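Asks: After the structure tokens below, expect a handful of questions from me.
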Amino acid sequence: MSYKKSFRIGRTAVLAVIMIAALAFSGCGKKPEASHIRVVLDWTPNTNHTGLYTALDKGWFAEEGLTVEILQPPEDGALVLVGSGSVEFGFDFQETMGPAIAKPDSAERDTLPVVAVAAIISHNTSGVMSLANSGIRHPRDLAGKRFASWETPLVTALIREIVENDGGDFGTVQMIPNFATDAFSALATDIDAIWVYYAWDGIAAEVNGIDVNYIDFGSLDSRFDFYTPVLTANASWLEANGETAKQFMRALSRGYIFAIENPLEAAEILLRHAPELDRDLVTRSQEYLASRYQDDSPRWGEIDGERWAGFYRWMFERGLLEKDIGEGGFTNEYLPE
């Protein structure tokens, strides 16, 4: 599950996807009942989603009087589906939310009405992975190496920052356009390093006995300890259906708490819903994330405003956002006490 997201969401593209989403998800023009909740994933099912599948499997959504439908996302379309109202909730990322909601006041009509309502994982578990024989142990070691770039401003800015802060020459880093979804295939061919989520690709390396080096973003700089992934919701729907949202979040929270306390059983639940996944990978990944879903947060899903704002402030200072969002774009209001 290598890092692959787009930050170039133009107004025309947004409107086009919204129109497609409306046709695909509207259900013949009939609005779903408030108790019918649609959730779009950010990727194919994996251990980031275990709490959702657990709550569904255990009947906890049903206990709240809700029916929940889990949908696969179109390419880079989860956030737009949420913003268009075509789904109520969606998995996405703080870093992709920023450009979608940070518009000057004169251009507010171009923003997506989305808000983060929970941190799926309390701290950033993504970073740079390379094969051990590449010699990339520190950010400065990326100098002269080939880094898999999806040609987004954020990727370039972040890699530049960590390399230069470590005394390296970013000008010699070869940012290679690479859209591979299999990190190991990419590392075995035309690149030396790639942005991954350790809970999946790092654990996959362990399971398959592949010796890798890993540079953790959050450990390098507290500003890079951003929230990825997050659960987002349609802001207008939240305003009109606050109690339903709280019911959904109550059941979802139970799902993630169960996964924290019972990782092996939670892994089996995910495998029942996604039998195509590798059992060893899911089990090991679930054990890895069990202590990280909530970590040091007061409760699962809670977002720290200072840490949230710190990352957006960095994005704004680097020209990646049109305005400083600060602590905007998230709420802890719908989490259970």
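Just so we're on the same page: first chain in the structure tokens is A, next is B, and so on; residues restart at 1 for each chain, and ligands are numbered from 1 in the order they show up.
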Name all residues at most 10 Å from Leu66 in chain A (count only C-alpha atoms; drop same-chain ones fewer than 4 positions away) and give them as a list in words.
Replies: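 Everything that qualifies: Glu33, Ala34, Ser35, His36, Ile37, Leu56, Gly59, Trp60, Phe61, Ala62, Thr244, Gln247, Phe248 and Ala251 of chain A.
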Asks: Tell me which protein, DNA and RNA residues are within 7 Å of Ala290 in chain A, counting only C-alpha atoms, leaving out same-chain ones fewer than 5 positions away, and put them as a count of residues only.
Replies: 3
Asks: Among range 176-316 of chain A, which residues does DSSP mark as strand (DSSP E) when it is run on the backbone? Keep the chain and numbering as in the structure and answer as an mmCIF file with C-alpha atoms, in the first residue's frame.
Replies:
data_model
loop_
_atom_site.group_PDB
_atom_site.id
_atom_site.type_symbol
_atom_site.label_atom_id
_atom_site.label_comp_id
_atom_site.auth_asym_id
_atom_site.auth_seq_id
_atom_site.Cartn_x
_atom_site.Cartn_y
_atom_site.Cartn_z
ATOM 1 C CA ILE A 176 11.295 9.434 -10.617
ATOM 2 C CA PRO A 177 7.634 9.439 -11.747
ATOM 3 C CA ALA A 193 13.128 4.466 -2.162
ATOM 4 C CA ILE A 194 9.378 4.866 -1.864
ATOM 5 C CA TRP A 195 6.835 6.414 0.534
ATOM 6 C CA VAL A 196 4.903 3.656 2.327
ATOM 7 C CA TYR A 197 2.750 2.914 5.350
ATOM 8 C CA VAL A 212 14.636 -3.011 4.410
ATOM 9 C CA ASN A 213 15.563 0.368 5.850
ATOM 10 C CA TYR A 214 12.782 2.635 7.032
ATOM 11 C CA ILE A 215 12.790 6.363 7.805
ATOM 12 C CA ASP A 216 9.807 7.361 9.933
ATOM 13 C CA VAL A 230 -8.638 10.075 8.939
ATOM 14 C CA LEU A 231 -12.361 9.483 8.717
ATOM 15 C CA THR A 232 -14.072 12.363 6.946
ATOM 16 C CA ALA A 233 -17.736 13.283 6.778
ATOM 17 C CA ASN A 234 -19.944 15.561 4.736
#
Asks: When you look at range 270-282 of chain A with a cut-off of 8 Å (counting only C-alpha atoms), what residues show up, excluding the ones that are within fewer than 6 positions of it in the same chain? I need them as a PyMOL selection string.
Replies: chain A and resi 45-47+50+53-54+200+203-204+207
Asks: Contacts of Trp300 in chain A at 9 Å or less, counting only C-alpha atoms, minus same-chain residues fewer than 3 places along, as a VMD selection string?
Replies: chain A and resid 118 to 122 253 256 to 257 293 to 295 297 335
Asks: Among range 62-284 of chain A, which residues carry a DSSP assignment of alpha helix (DSSP H), reported as number ranges by chain?
Replies: A: 62-63, 78-84, 94-101, 153-165, 183-187, 203-207, 217-220, 235-240, 242-261, 263-273, 279-284
Asks: Between A:Ala267, A:Ala245, A:Ile159, A:Ile325, which one has atoms that come closest to Glu64 in chain A, using only C-alpha atoms?
Replies: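 For Glu64 in chain A, the nearest of the given residues is A:Ala245.
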Asks: Taking only C-alpha atoms into account, name the residue in A:Ala205, A:Met129, A:Leu238, A:Val114 that is nearest to Phe217 in chain A.
Replies: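 When distances to Phe217 in chain A are compared using only C-alpha atoms, the smallest one comes from A:Met129.
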Asks: Pick out the residues sitting within 12 Å of Leu158 in chain A, and hand them over as a PyMOL selection string; count only C-alpha atoms, and ignore anything fewer than 2 positions along from it in its own chain.
Replies: chain A and resi 95+127-128+139+149+152-156+160-165+170+195+217-218+220-221+223-224+311+314-315+318-320
Asks: For range 331-334 of chain A, please output as a PyMOL selection string all residues within 7 Å (counting only C-alpha atoms; exclusion window: fewer than 4 positions along the same chain).
Replies: chain A and resi 116-118+245-246+249+302-303
Asks: Nearest to Asp141 in chain A: which of A:Glu265, A:Asp166, A:Glu239, A:Glu317 is it, counting only C-alpha atoms?
Replies: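 Result for the nearest residue to Asp141 in chain A: A:Asp166.
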Asks: With distances taken over only C-alpha atoms, which residue among A:Gly65, A:Asp169, A:Gly90, A:Ser84 lies nearest Val39 in chain A?
Replies: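 Selected residue with least distance to Val39 in chain A: A:Gly90.
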Asks: Calculate how many Å separate CA of Gly255 in chain A from CA of Gly77 in chain A, rounding to one decimal.
Replies: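 Atom-to-atom, CA of Gly255 in chain A and CA of Gly77 in chain A are spaced 25.0 Å apart.
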